[in-house]
$ cat my_file.cif   # mmCIF, C-alpha atoms and all ligand atoms
data_work
loop_
_atom_site.group_PDB
_atom_site.id
_atom_site.type_symbol
_atom_site.label_atom_id
_atom_site.label_comp_id
_atom_site.auth_asym_id
_atom_site.auth_seq_id
_atom_site.Cartn_x
_atom_site.Cartn_y
_atom_site.Cartn_z
ATOM 1 C CA MET A 1 39.901 26.652 15.392
ATOM 2 C CA VAL A 2 41.897 24.651 12.886
ATOM 3 C CA LYS A 3 39.536 22.466 10.886
ATOM 4 C CA ILE A 4 40.490 18.923 9.971
ATOM 5 C CA PHE A 5 39.656 17.581 6.540
ATOM 6 C CA ILE A 6 40.183 13.989 5.461
ATOM 7 C CA ASP A 7 42.493 13.821 2.463
ATOM 8 C CA SER A 8 41.050 10.791 0.717
ATOM 9 C CA ALA A 9 38.667 9.614 -1.981
ATOM 10 C CA ASP A 10 38.174 6.299 -0.225
ATOM 11 C CA ILE A 11 34.598 6.163 1.042
ATOM 12 C CA ASP A 12 35.517 3.750 3.854
ATOM 13 C CA GLU A 13 38.184 6.118 5.165
ATOM 14 C CA ILE A 14 35.869 9.111 4.791
ATOM 15 C CA LYS A 15 33.072 7.322 6.664
ATOM 16 C CA GLN A 16 35.541 6.400 9.409
ATOM 17 C CA ALA A 17 36.751 9.983 9.868
ATOM 18 C CA TYR A 18 33.158 11.258 10.051
ATOM 19 C CA ALA A 19 32.171 8.446 12.444
ATOM 20 C CA TRP A 20 34.940 9.615 14.783
ATOM 21 C CA GLY A 21 33.281 13.024 14.722
ATOM 22 C CA ILE A 22 36.393 14.958 13.796
ATOM 23 C CA ALA A 23 36.046 15.558 10.065
ATOM 24 C CA ASP A 24 35.207 19.057 8.884
ATOM 25 C CA GLY A 25 35.551 18.342 5.167
ATOM 26 C CA VAL A 26 37.070 16.165 2.446
ATOM 27 C CA THR A 27 39.740 16.801 -0.173
ATOM 28 C CA THR A 28 40.194 14.584 -3.199
ATOM 29 C CA ASN A 29 42.525 14.766 -6.166
ATOM 30 C CA PRO A 30 43.000 12.617 -9.284
ATOM 31 C CA SER A 31 45.655 10.441 -7.596
ATOM 32 C CA LEU A 32 43.501 9.825 -4.512
ATOM 33 C CA LEU A 33 40.531 8.981 -6.717
ATOM 34 C CA LYS A 34 42.672 6.553 -8.747
ATOM 35 C CA LYS A 35 43.817 4.882 -5.518
ATOM 36 C CA ALA A 36 40.215 4.461 -4.335
ATOM 37 C CA VAL A 37 39.045 3.165 -7.721
ATOM 38 C CA ASP A 38 42.013 0.761 -8.059
ATOM 39 C CA LYS A 39 41.363 -0.634 -4.563
ATOM 40 C CA ARG A 40 37.815 -1.553 -5.555
ATOM 41 C CA LYS A 41 38.845 -2.927 -8.954
ATOM 42 C CA LYS A 42 41.406 -5.135 -7.228
ATOM 43 C CA LYS A 43 38.651 -6.529 -5.028
ATOM 44 C CA GLY A 44 36.630 -7.224 -8.175
ATOM 45 C CA GLN A 45 33.997 -4.658 -7.210
ATOM 46 C CA LYS A 46 32.096 -2.714 -9.865
ATOM 47 C CA LEU A 47 32.044 1.017 -9.369
ATOM 48 C CA ASN A 48 29.676 3.627 -10.692
ATOM 49 C CA LEU A 49 31.763 6.755 -10.225
ATOM 50 C CA LYS A 50 28.807 9.125 -10.129
ATOM 51 C CA THR A 51 27.039 7.103 -7.438
ATOM 52 C CA TYR A 52 30.328 6.723 -5.573
ATOM 53 C CA ILE A 53 31.003 10.489 -5.529
ATOM 54 C CA ASN A 54 27.387 11.116 -4.541
ATOM 55 C CA GLU A 55 27.951 8.857 -1.539
ATOM 56 C CA ILE A 56 31.059 10.807 -0.497
ATOM 57 C CA LEU A 57 29.091 14.048 -0.732
ATOM 58 C CA LYS A 58 26.269 12.652 1.390
ATOM 59 C CA VAL A 59 28.618 11.361 4.096
ATOM 60 C CA ALA A 60 30.229 14.806 4.229
ATOM 61 C CA LYS A 61 26.919 16.726 4.145
ATOM 62 C CA GLY A 62 27.304 20.139 5.758
ATOM 63 C CA THR A 63 31.074 20.225 5.152
ATOM 64 C CA PRO A 64 33.122 21.046 2.018
ATOM 65 C CA VAL A 65 34.237 18.364 -0.449
ATOM 66 C CA SER A 66 36.853 19.321 -3.039
ATOM 67 C CA LEU A 67 36.556 17.758 -6.502
ATOM 68 C CA GLU A 68 39.456 18.489 -8.846
ATOM 69 C CA VAL A 69 39.314 19.378 -12.530
ATOM 70 C CA THR A 70 41.398 17.389 -14.980
ATOM 71 C CA GLU A 71 41.379 19.908 -17.830
ATOM 72 C CA THR A 72 44.421 22.157 -18.169
ATOM 73 C CA THR A 73 43.202 25.174 -20.119
ATOM 74 C CA ALA A 74 41.163 28.016 -18.673
ATOM 75 C CA ALA A 75 38.187 27.283 -20.937
ATOM 76 C CA GLY A 76 38.417 23.560 -20.201
ATOM 77 C CA MET A 77 38.666 24.033 -16.425
ATOM 78 C CA ILE A 78 35.793 26.523 -16.356
ATOM 79 C CA LYS A 79 33.573 24.214 -18.414
ATOM 80 C CA GLN A 80 34.482 21.125 -16.399
ATOM 81 C CA GLY A 81 34.304 22.985 -13.075
ATOM 82 C CA LYS A 82 30.798 24.254 -13.871
ATOM 83 C CA ALA A 83 29.713 20.803 -15.069
ATOM 84 C CA LEU A 84 31.053 19.067 -11.937
ATOM 85 C CA TYR A 85 29.371 21.670 -9.749
ATOM 86 C CA LYS A 86 26.051 21.330 -11.602
ATOM 87 C CA MET A 87 26.161 17.543 -11.454
ATOM 88 C CA PHE A 88 27.240 17.146 -7.838
ATOM 89 C CA ASN A 89 26.421 20.231 -5.790
ATOM 90 C CA LYS A 90 22.712 19.404 -5.810
ATOM 91 C CA VAL A 91 23.457 16.237 -3.817
ATOM 92 C CA ALA A 92 24.479 17.903 -0.544
ATOM 93 C CA LYS A 93 25.393 21.500 -1.446
ATOM 94 C CA ASN A 94 29.006 21.042 -0.398
ATOM 95 C CA VAL A 95 31.098 20.955 -3.593
ATOM 96 C CA TYR A 96 34.267 23.009 -3.976
ATOM 97 C CA ILE A 97 36.041 22.896 -7.327
ATOM 98 C CA LYS A 98 39.748 22.274 -7.089
ATOM 99 C CA ILE A 99 41.835 24.189 -9.613
ATOM 100 C CA PRO A 100 45.627 23.995 -9.982
ATOM 101 C CA ILE A 101 47.356 27.341 -9.444
ATOM 102 C CA ASN A 102 49.286 26.834 -12.655
ATOM 103 C CA PRO A 103 48.254 24.071 -15.056
ATOM 104 C CA ALA A 104 51.400 24.373 -17.205
ATOM 105 C CA PHE A 105 53.801 21.440 -17.527
ATOM 106 C CA LYS A 106 56.865 23.472 -18.400
ATOM 107 C CA ASN A 107 58.145 27.041 -18.570
ATOM 108 C CA SER A 108 57.470 27.438 -22.279
ATOM 109 C CA ASP A 109 53.757 26.569 -21.951
ATOM 110 C CA SER A 110 51.298 29.387 -22.520
ATOM 111 C CA THR A 111 48.786 28.269 -19.906
ATOM 112 C CA HIS A 112 50.470 29.601 -16.749
ATOM 113 C CA PHE A 113 47.634 31.992 -15.862
ATOM 114 C CA ASP A 114 44.812 29.663 -16.877
ATOM 115 C CA GLY A 115 44.284 28.515 -13.290
ATOM 116 C CA ILE A 116 43.887 32.114 -12.157
ATOM 117 C CA ILE A 117 41.467 32.835 -15.022
ATOM 118 C CA ALA A 118 39.439 29.721 -14.117
ATOM 119 C CA ILE A 119 39.286 30.609 -10.402
ATOM 120 C CA LYS A 120 38.143 34.116 -11.263
ATOM 121 C CA ALA A 121 35.430 32.861 -13.624
ATOM 122 C CA LEU A 122 34.155 30.207 -11.205
ATOM 123 C CA SER A 123 34.170 32.619 -8.313
ATOM 124 C CA LYS A 124 32.163 35.100 -10.467
ATOM 125 C CA ALA A 125 29.691 32.262 -11.065
ATOM 126 C CA LYS A 126 29.509 31.835 -7.239
ATOM 127 C CA ILE A 127 31.220 28.440 -7.386
ATOM 128 C CA PRO A 128 33.654 28.009 -4.474
ATOM 129 C CA THR A 129 37.173 26.942 -5.386
ATOM 130 C CA ASN A 130 40.137 25.302 -3.735
ATOM 131 C CA CYS A 131 43.355 26.362 -5.435
ATOM 132 C CA THR A 132 45.793 23.483 -5.330
ATOM 133 C CA LEU A 133 49.505 22.777 -5.878
ATOM 134 C CA ILE A 134 50.617 25.937 -4.059
ATOM 135 C CA PHE A 135 54.389 26.035 -3.481
ATOM 136 C CA THR A 136 55.002 29.747 -2.857
ATOM 137 C CA PRO A 137 53.211 32.452 -0.839
ATOM 138 C CA GLU A 138 53.023 34.564 -3.994
ATOM 139 C CA GLN A 139 51.040 31.815 -5.732
ATOM 140 C CA ALA A 140 48.683 31.866 -2.722
ATOM 141 C CA LEU A 141 48.394 35.638 -3.024
ATOM 142 C CA LEU A 142 47.420 35.504 -6.708
ATOM 143 C CA ALA A 143 44.893 32.720 -6.044
ATOM 144 C CA ALA A 144 43.365 34.748 -3.202
ATOM 145 C CA LYS A 145 43.189 37.842 -5.410
ATOM 146 C CA ALA A 146 41.378 35.755 -8.033
ATOM 147 C CA GLY A 147 38.778 34.809 -5.397
ATOM 148 C CA ALA A 148 39.766 31.291 -4.287
ATOM 149 C CA SER A 149 37.887 30.118 -1.189
ATOM 150 C CA PHE A 150 40.822 27.909 -0.150
ATOM 151 C CA VAL A 151 44.494 27.843 -1.096
ATOM 152 C CA SER A 152 46.305 24.549 -0.604
ATOM 153 C CA PRO A 153 50.050 24.725 0.092
ATOM 154 C CA PHE A 154 51.623 21.266 -0.285
ATOM 155 C CA ALA A 155 53.809 21.030 2.798
ATOM 156 C CA GLY A 156 55.150 17.468 2.519
ATOM 157 C CA ARG A 157 56.178 17.928 -1.079
ATOM 158 C CA VAL A 158 58.220 21.023 -0.165
ATOM 159 C CA ASP A 159 60.118 18.910 2.352
ATOM 160 C CA ASP A 160 60.626 16.209 -0.312
ATOM 161 C CA PHE A 161 61.929 18.841 -2.747
ATOM 162 C CA ILE A 162 64.410 20.351 -0.292
ATOM 163 C CA ARG A 163 65.630 16.885 0.699
ATOM 164 C CA VAL A 164 66.074 15.731 -2.898
ATOM 165 C CA ASN A 165 67.835 18.968 -3.911
ATOM 166 C CA ASN A 166 70.293 18.502 -1.045
ATOM 167 C CA LYS A 167 70.781 14.753 -1.425
ATOM 168 C CA ILE A 168 69.089 13.948 1.866
ATOM 169 C CA LYS A 169 67.319 10.591 1.984
ATOM 170 C CA VAL A 170 63.605 11.124 1.453
ATOM 171 C CA ASP A 171 61.396 9.423 3.985
ATOM 172 C CA LYS A 172 57.989 10.787 3.085
ATOM 173 C CA THR A 173 56.439 10.536 6.524
ATOM 174 C CA ALA A 174 59.518 11.530 8.541
ATOM 175 C CA TYR A 175 59.352 14.873 10.304
ATOM 176 C CA TYR A 176 61.227 17.677 8.589
ATOM 177 C CA PRO A 177 61.890 20.593 10.983
ATOM 178 C CA SER A 178 59.628 23.591 10.518
ATOM 179 C CA ILE A 179 62.613 25.945 10.866
ATOM 180 C CA GLY A 180 64.528 23.986 8.240
ATOM 181 C CA MET A 181 67.772 22.049 8.263
ATOM 182 C CA THR A 182 71.394 22.974 7.789
ATOM 183 C CA LYS A 183 74.032 21.079 5.849
ATOM 184 C CA SER A 184 77.689 22.154 5.870
ATOM 185 C CA LYS A 185 76.573 25.315 7.725
ATOM 186 C CA LYS A 186 74.252 26.182 4.831
ATOM 187 C CA VAL A 187 70.545 26.661 5.633
ATOM 188 C CA LEU A 188 68.601 24.501 3.226
ATOM 189 C CA GLU A 189 65.709 26.198 1.468
ATOM 190 C CA ASP A 190 63.605 26.509 -1.652
ATOM 191 C CA ASN A 191 63.738 30.149 -2.708
ATOM 192 C CA GLY A 192 63.385 31.411 0.872
ATOM 193 C CA ILE A 193 61.043 28.647 2.049
ATOM 194 C CA TYR A 194 62.652 26.546 4.799
ATOM 195 C CA SER A 195 60.130 23.727 5.073
ATOM 196 C CA GLY A 196 56.605 22.738 4.143
ATOM 197 C CA THR A 197 55.149 24.108 7.343
ATOM 198 C CA ASP A 198 57.191 27.296 6.869
ATOM 199 C CA LEU A 199 55.392 27.654 3.518
ATOM 200 C CA VAL A 200 52.035 27.214 5.267
ATOM 201 C CA TRP A 201 52.959 29.870 7.856
ATOM 202 C CA ARG A 202 54.053 32.320 5.156
ATOM 203 C CA CYS A 203 50.842 31.781 3.177
ATOM 204 C CA VAL A 204 48.846 32.519 6.343
ATOM 205 C CA GLN A 205 50.870 35.692 7.004
ATOM 206 C CA ILE A 206 50.619 37.082 3.503
ATOM 207 C CA LEU A 207 46.837 36.614 3.335
ATOM 208 C CA ARG A 208 46.313 37.856 6.882
ATOM 209 C CA ASN A 209 48.235 41.076 6.134
ATOM 210 C CA TYR A 210 45.574 42.048 3.627
ATOM 211 C CA ASN A 211 42.492 40.554 5.294
ATOM 212 C CA PHE A 212 41.701 38.116 2.509
ATOM 213 C CA LYS A 213 38.686 35.875 3.181
ATOM 214 C CA THR A 214 40.570 33.016 1.498
ATOM 215 C CA GLN A 215 41.401 30.215 3.935
ATOM 216 C CA VAL A 216 44.725 28.419 4.035
ATOM 217 C CA LEU A 217 44.200 24.672 3.696
ATOM 218 C CA ALA A 218 47.473 22.989 4.587
ATOM 219 C CA ALA A 219 47.849 19.904 2.403
ATOM 220 C CA SER A 220 50.328 17.100 1.821
ATOM 221 C CA LEU A 221 50.744 16.665 5.587
ATOM 222 C CA ARG A 222 52.140 13.294 6.542
ATOM 223 C CA ASN A 223 52.919 13.405 10.242
ATOM 224 C CA THR A 224 51.434 14.841 13.404
ATOM 225 C CA ARG A 225 54.148 17.420 14.059
ATOM 226 C CA GLN A 226 53.338 19.039 10.753
ATOM 227 C CA VAL A 227 49.719 19.254 11.913
ATOM 228 C CA ARG A 228 50.845 20.825 15.181
ATOM 229 C CA GLU A 229 52.916 23.393 13.347
ATOM 230 C CA CYS A 230 50.058 24.210 11.008
ATOM 231 C CA GLY A 231 48.035 24.918 14.149
ATOM 232 C CA PHE A 232 50.795 27.220 15.435
ATOM 233 C CA SER A 233 50.871 29.015 12.096
ATOM 234 C CA GLY A 234 47.162 29.852 12.177
ATOM 235 C CA ALA A 235 46.275 27.766 9.109
ATOM 236 C CA HIS A 236 42.496 27.542 8.874
ATOM 237 C CA ILE A 237 42.397 23.911 7.754
ATOM 238 C CA ALA A 238 44.682 20.875 7.735
ATOM 239 C CA THR A 239 43.771 18.086 5.336
ATOM 240 C CA LEU A 240 45.087 14.758 6.550
ATOM 241 C CA PRO A 241 45.349 11.145 5.447
ATOM 242 C CA LEU A 242 43.492 8.830 7.831
ATOM 243 C CA PHE A 243 46.710 7.445 9.368
ATOM 244 C CA VAL A 244 47.813 10.949 10.424
ATOM 245 C CA ILE A 245 44.434 11.564 12.082
ATOM 246 C CA GLN A 246 44.870 8.249 13.927
ATOM 247 C CA ASP A 247 48.425 9.103 14.967
ATOM 248 C CA MET A 248 47.277 12.394 16.511
ATOM 249 C CA LEU A 249 45.848 10.547 19.515
ATOM 250 C CA LYS A 250 48.764 8.244 20.220
ATOM 251 C CA HIS A 251 51.202 8.660 23.111
ATOM 252 C CA GLN A 252 53.053 6.060 25.173
ATOM 253 C CA LYS A 253 52.326 7.897 28.428
ATOM 254 C CA THR A 254 48.608 8.020 27.627
ATOM 255 C CA TYR A 255 48.617 4.207 27.353
ATOM 256 C CA GLU A 256 50.653 3.889 30.549
ATOM 257 C CA GLY A 257 48.273 6.253 32.343
ATOM 258 C CA MET A 258 45.286 4.187 31.201
ATOM 259 C CA LYS A 259 46.890 1.000 32.492
ATOM 260 C CA GLY A 260 47.680 2.609 35.868
ATOM 261 C CA PHE A 261 44.206 4.094 36.357
ATOM 262 C CA THR A 262 42.539 0.842 35.284
ATOM 263 C CA LYS A 263 44.675 -1.159 37.744
ATOM 264 C CA ASP A 264 43.659 1.162 40.600
ATOM 265 C CA ILE A 265 39.905 1.071 40.020
ATOM 266 C CA VAL A 266 37.932 0.862 43.272
ATOM 267 C CA PRO A 267 35.050 -1.604 42.562
ATOM 268 C CA ALA A 268 32.618 0.317 44.784
ATOM 269 C CA TYR A 269 33.161 3.394 42.601
ATOM 270 C CA VAL A 270 32.175 1.446 39.464
ATOM 271 C CA ALA A 271 29.204 -0.046 41.285
ATOM 272 C CA LEU A 272 27.806 3.479 41.890
ATOM 273 C CA THR A 273 26.747 3.778 38.231
ATOM 274 C CA LYS A 274 25.762 0.171 37.554
HETATM 275 O O1 LIG B 301 46.012 17.120 -0.453
HETATM 276 C C1 LIG B 301 47.179 16.936 -1.204
HETATM 277 C C2 LIG B 301 47.753 15.617 -0.952
HETATM 278 O O2 LIG B 301 46.860 14.597 -1.263
HETATM 279 C C3 LIG B 301 49.077 15.387 -1.538
HETATM 280 O O3 LIG B 301 49.727 14.636 -0.602
HETATM 281 O O4 LIG B 301 51.410 13.146 0.323
HETATM 282 O O5 LIG B 301 50.852 13.056 -2.123
HETATM 283 O O6 LIG B 301 52.115 14.956 -1.183
HETATM 284 P P1 LIG B 301 51.109 13.911 -0.921
#

$ encode --input "my_file.cif" --output "C-alpha cells"
Amino acid sequence: MVKIFIDSADIDEIKQAYAWGIADGVTTNPSLLKKAVDKRKKKGQKLNLKTYINEILKVAKGTPVSLEVTETTAAGMIKQGKALYKMFNKVAKNVYIKIPINPAFKNSDSTHFDGIIAIKALSKAKIPTNCTLIFTPEQALLAAKAGASFVSPFAGRVDDFIRVNNKIKVDKTAYYPSIGMTKSKKVLEDNGIYSGTDLVWRCVQILRNYNFKTQVLAASLRNTRQVRECGFSGAHIATLPLFVIQDMLKHQKTYEGMKGFTKDIVPAYVALTK
C-alpha cells in the first residue's frame, strides 16, 4: 500500500493530517521549518524549537518523522545527524535523518560524495536516513547502496526544470503529464527523464531490480494526479502538502451524488436508527 506522509513542519497541519487518520509519517526540510517558524513569529508567538519538534514527534508517534541536517560536509552531517537523533529519537522513537544526496553547490566543489559517506556512517550507527534532493535514478541507486532507508525523488521540481528549460510557463501546482510533453515534435526531457512522476517510476524500477530494502518516498508532489501516478509506479510513500491530501477527496460528481441521495432520504429509514 502506498503510504501517505504529510510534507510539513507546521504542527497544526500535522495534527490535522493525523486527526483525519490518513498520515503514515512526516517529512520536514529547512524551508518547511522556516515557513512554520515564520508563521508563528508573524502571529507574535514565542517558539521553543526543541519543544516544538518534540510535539511533532509525539503527534506522529509510531510513524517516521524526517529531520534534515543543515551541515554540508560528511563529518558535519554525521555529527549533526547523530546529535539530532540522540536529542529527538528518545521522544517517540520515530526520527529519520534527512541527508542530501549531494551537498555540493557547484561542480568544482569537493563534497559531492559527502552525502553518501554520511548515509553510510549513519546507517552503520543504526540511524535510519532519508536521502533527499534525488533527481536521477542513479542518485537513488547510490543512496540505496549506501544504506538509505528512504530515497526522495523531487517530482514537482523535475517538472519545473523541464518547463523552465523549454520556456513553458511554470505553474507549480499544474499537472505535468507523466509521459512528458512534446514541443515542435521534440519530446521534452531532462537527461532521459520525462517528468517528475517518470523519475519516481524509474527510481522504483531500479531499486526493485536489485531487491533493495530502500523505500521510494515520492516528494515535491503538488497535485493529486501526481499522487495517482506515484501509486501506479509502485512508490512506497508519497509525501504531500496538506492541500494535496485535501484535494484527493474532491470530485464534483461525489458532491452531486450526496445532494441526490440526501434529497431522496426516506424519513422512516432514518427513524430506524434514532
Ligand atoms: O518534500 C520535498 C518538498 O517539500 C519540496 O517540495 O514543492 O518545494 O518542490 P517543493

$ atom_distance --input "my_file.cif" --atom1 "atom CA of A:Arg40" --atom2 "atom CA of A:Tyr85"
25.1 Å

$ resolve_selection --input "my_file.cif" --expression "the PyMOL selection byres (((not hetatm)) within 9 of (chain B and resi 301))" --output "number ranges by chain"
A: 6-8, 27-29, 31-32, 132-133, 152-158, 160, 172-173, 217-222, 239-241

$ resolve_selection --input "my_file.cif" --expression "the PyMOL selection byres (((chain A and resi 15-18) around 9) and not hetatm)" --output "list in words"
Phe5, Ile6, Asp10, Ile11, Asp12, Glu13, Ile14, Ala19, Trp20, Gly21, Ile22, Ala23, Asp24, Gly25, Ile56, Val59, Ala60, Leu242 and Ile245 of chain A

$ closest_residue --input "my_file.cif" --among "A:Ala75, A:Ile162, A:Val216, A:Ile53" --to "A:Gly115" --atoms "all atoms listed in the file"
A:Ala75

$ atom_distance --input "my_file.cif" --atom1 "atom CA of A:Ile127" --atom2 "atom CA of A:Tyr96"
7.1 Å

$ resolve_selection --input "my_file.cif" --expression "the PyMOL selection byres (((chain A and resi 116) around 9) and not hetatm)" --output "compact mmCIF listing (two decimals) with C-alpha atoms, in the frame of the given file"
# COMPACT_ATOMS: atom_id res chain seq x y z
CA ALA A 74 41.16 28.02 -18.67
CA ILE A 99 41.84 24.19 -9.61
CA PRO A 100 45.63 24.00 -9.98
CA ILE A 101 47.36 27.34 -9.44
CA ASN A 102 49.29 26.83 -12.66
CA HIS A 112 50.47 29.60 -16.75
CA PHE A 113 47.63 31.99 -15.86
CA ASP A 114 44.81 29.66 -16.88
CA GLY A 115 44.28 28.52 -13.29
CA ILE A 117 41.47 32.84 -15.02
CA ALA A 118 39.44 29.72 -14.12
CA ILE A 119 39.29 30.61 -10.40
CA LYS A 120 38.14 34.12 -11.26
CA ALA A 121 35.43 32.86 -13.62
CA CYS A 131 43.36 26.36 -5.44
CA LEU A 142 47.42 35.50 -6.71
CA ALA A 143 44.89 32.72 -6.04
CA LYS A 145 43.19 37.84 -5.41
CA ALA A 146 41.38 35.76 -8.03
CA GLY A 147 38.78 34.81 -5.40
CA ALA A 148 39.77 31.29 -4.29

$ atom_distance --input "my_file.cif" --atom1 "atom CA of A:Arg225" --atom2 "atom CA of A:Asp171"
14.8 Å

$ residues_around --input "my_file.cif" --residues "A:Leu188" --least-positions-apart "6" --cutoff "9 Å" --atoms "all atoms listed in the file" --output "list in words"
Ile162, Arg163, Asn166, Gly180, Met181, Thr182, Tyr194 and Ser195 of chain A

$ write_last_selection --input "my_file.cif" --atoms "C-alpha atoms" --output "compact mmCIF listing (two decimals), in the coordinates of the input"
# COMPACT_ATOMS: atom_id res chain seq x y z
CA ILE A 162 64.41 20.35 -0.29
CA ARG A 163 65.63 16.89 0.70
CA ASN A 166 70.29 18.50 -1.04
CA GLY A 180 64.53 23.99 8.24
CA MET A 181 67.77 22.05 8.26
CA THR A 182 71.39 22.97 7.79
CA TYR A 194 62.65 26.55 4.80
CA SER A 195 60.13 23.73 5.07

$ residues_around --input "my_file.cif" --residues "A:Lys98" --least-positions-apart "5" --cutoff "6 Å" --atoms "all atoms listed in the file" --output "ChimeraX atom specification"
/A:66-68,129-131

$ residues_around --input "my_file.cif" --residues "A:Ile237" --least-positions-apart "3" --cutoff "6 Å" --atoms "all atoms listed in the file" --output "list in words"
Val2, Lys3, Ile4 and Leu217 of chain A

$ write_last_selection --input "my_file.cif" --atoms "C-alpha atoms" --output "PDB file, in the frame of the given file"
ATOM      1  CA  VAL A   2      41.897  24.651  12.886  1.00  0.00           C
ATOM      2  CA  LYS A   3      39.536  22.466  10.886  1.00  0.00           C
ATOM      3  CA  ILE A   4      40.490  18.923   9.971  1.00  0.00           C
ATOM      4  CA  LEU A 217      44.200  24.672   3.696  1.00  0.00           C
TER       5      LEU A 217
END

$ closest_residue --input "my_file.cif" --among "A:Pro177, A:Gly81, A:Gly196, A:Pro103" --to "A:Phe135" --atoms "only C-alpha atoms"
A:Gly196

$ closest_residue --input "my_file.cif" --among "A:Val26, A:Ile265, A:Ala9, A:Val151" --to "A:Lys39" --atoms "all atoms listed in the file"
A:Ala9

$ build_atoms --input "my_file.cif" --residues "stretch 81-87 of chain A" --atoms "all heavy atoms" --output "mmCIF file, in the frame of the given file"
data_model
loop_
_atom_site.group_PDB
_atom_site.id
_atom_site.type_symbol
_atom_site.label_atom_id
_atom_site.label_comp_id
_atom_site.auth_asym_id
_atom_site.auth_seq_id
_atom_site.Cartn_x
_atom_site.Cartn_y
_atom_site.Cartn_z
ATOM 1 N N GLY A 81 34.627 22.564 -14.445
ATOM 2 C CA GLY A 81 34.304 22.985 -13.075
ATOM 3 C C GLY A 81 32.810 23.253 -12.937
ATOM 4 O O GLY A 81 32.170 22.801 -11.975
ATOM 5 N N LYS A 82 32.237 23.950 -13.920
ATOM 6 C CA LYS A 82 30.798 24.254 -13.871
ATOM 7 C C LYS A 82 29.976 22.969 -13.994
ATOM 8 O O LYS A 82 28.972 22.795 -13.307
ATOM 9 C CB LYS A 82 30.426 25.222 -15.003
ATOM 10 C CG LYS A 82 30.847 26.664 -14.709
ATOM 11 C CD LYS A 82 30.389 27.611 -15.798
ATOM 12 C CE LYS A 82 30.741 29.059 -15.428
ATOM 13 N NZ LYS A 82 30.515 29.999 -16.511
ATOM 14 N N ALA A 83 30.449 22.055 -14.864
ATOM 15 C CA ALA A 83 29.713 20.803 -15.069
ATOM 16 C C ALA A 83 29.751 19.931 -13.801
ATOM 17 O O ALA A 83 28.735 19.361 -13.390
ATOM 18 C CB ALA A 83 30.301 20.050 -16.257
ATOM 19 N N LEU A 84 30.934 19.856 -13.173
ATOM 20 C CA LEU A 84 31.053 19.067 -11.937
ATOM 21 C C LEU A 84 30.157 19.661 -10.854
ATOM 22 O O LEU A 84 29.475 18.942 -10.117
ATOM 23 C CB LEU A 84 32.511 19.068 -11.446
ATOM 24 C CG LEU A 84 33.507 18.161 -12.171
ATOM 25 C CD1 LEU A 84 34.944 18.480 -11.737
ATOM 26 C CD2 LEU A 84 33.192 16.684 -11.914
ATOM 27 N N TYR A 85 30.159 20.988 -10.771
ATOM 28 C CA TYR A 85 29.371 21.670 -9.749
ATOM 29 C C TYR A 85 27.876 21.420 -9.984
ATOM 30 O O TYR A 85 27.125 21.125 -9.060
ATOM 31 C CB TYR A 85 29.692 23.162 -9.775
ATOM 32 C CG TYR A 85 29.169 23.912 -8.587
ATOM 33 C CD1 TYR A 85 29.794 23.822 -7.344
ATOM 34 C CD2 TYR A 85 28.039 24.728 -8.698
ATOM 35 C CE1 TYR A 85 29.306 24.507 -6.246
ATOM 36 C CE2 TYR A 85 27.553 25.429 -7.607
ATOM 37 C CZ TYR A 85 28.193 25.320 -6.386
ATOM 38 O OH TYR A 85 27.711 26.001 -5.302
ATOM 39 N N LYS A 86 27.464 21.527 -11.257
ATOM 40 C CA LYS A 86 26.051 21.330 -11.602
ATOM 41 C C LYS A 86 25.621 19.888 -11.290
ATOM 42 O O LYS A 86 24.564 19.651 -10.720
ATOM 43 C CB LYS A 86 25.856 21.627 -13.087
ATOM 44 C CG LYS A 86 24.417 21.716 -13.486
ATOM 45 C CD LYS A 86 24.251 22.283 -14.875
ATOM 46 C CE LYS A 86 22.769 22.231 -15.237
ATOM 47 N NZ LYS A 86 22.556 21.868 -16.617
ATOM 48 N N MET A 87 26.495 18.959 -11.640
ATOM 49 C CA MET A 87 26.161 17.543 -11.454
ATOM 50 C C MET A 87 26.116 17.153 -9.972
ATOM 51 O O MET A 87 25.243 16.420 -9.526
ATOM 52 C CB MET A 87 27.217 16.684 -12.173
ATOM 53 C CG MET A 87 26.983 15.198 -12.047
ATOM 54 S SD MET A 87 28.193 14.262 -13.004
ATOM 55 C CE MET A 87 27.737 14.702 -14.661
#
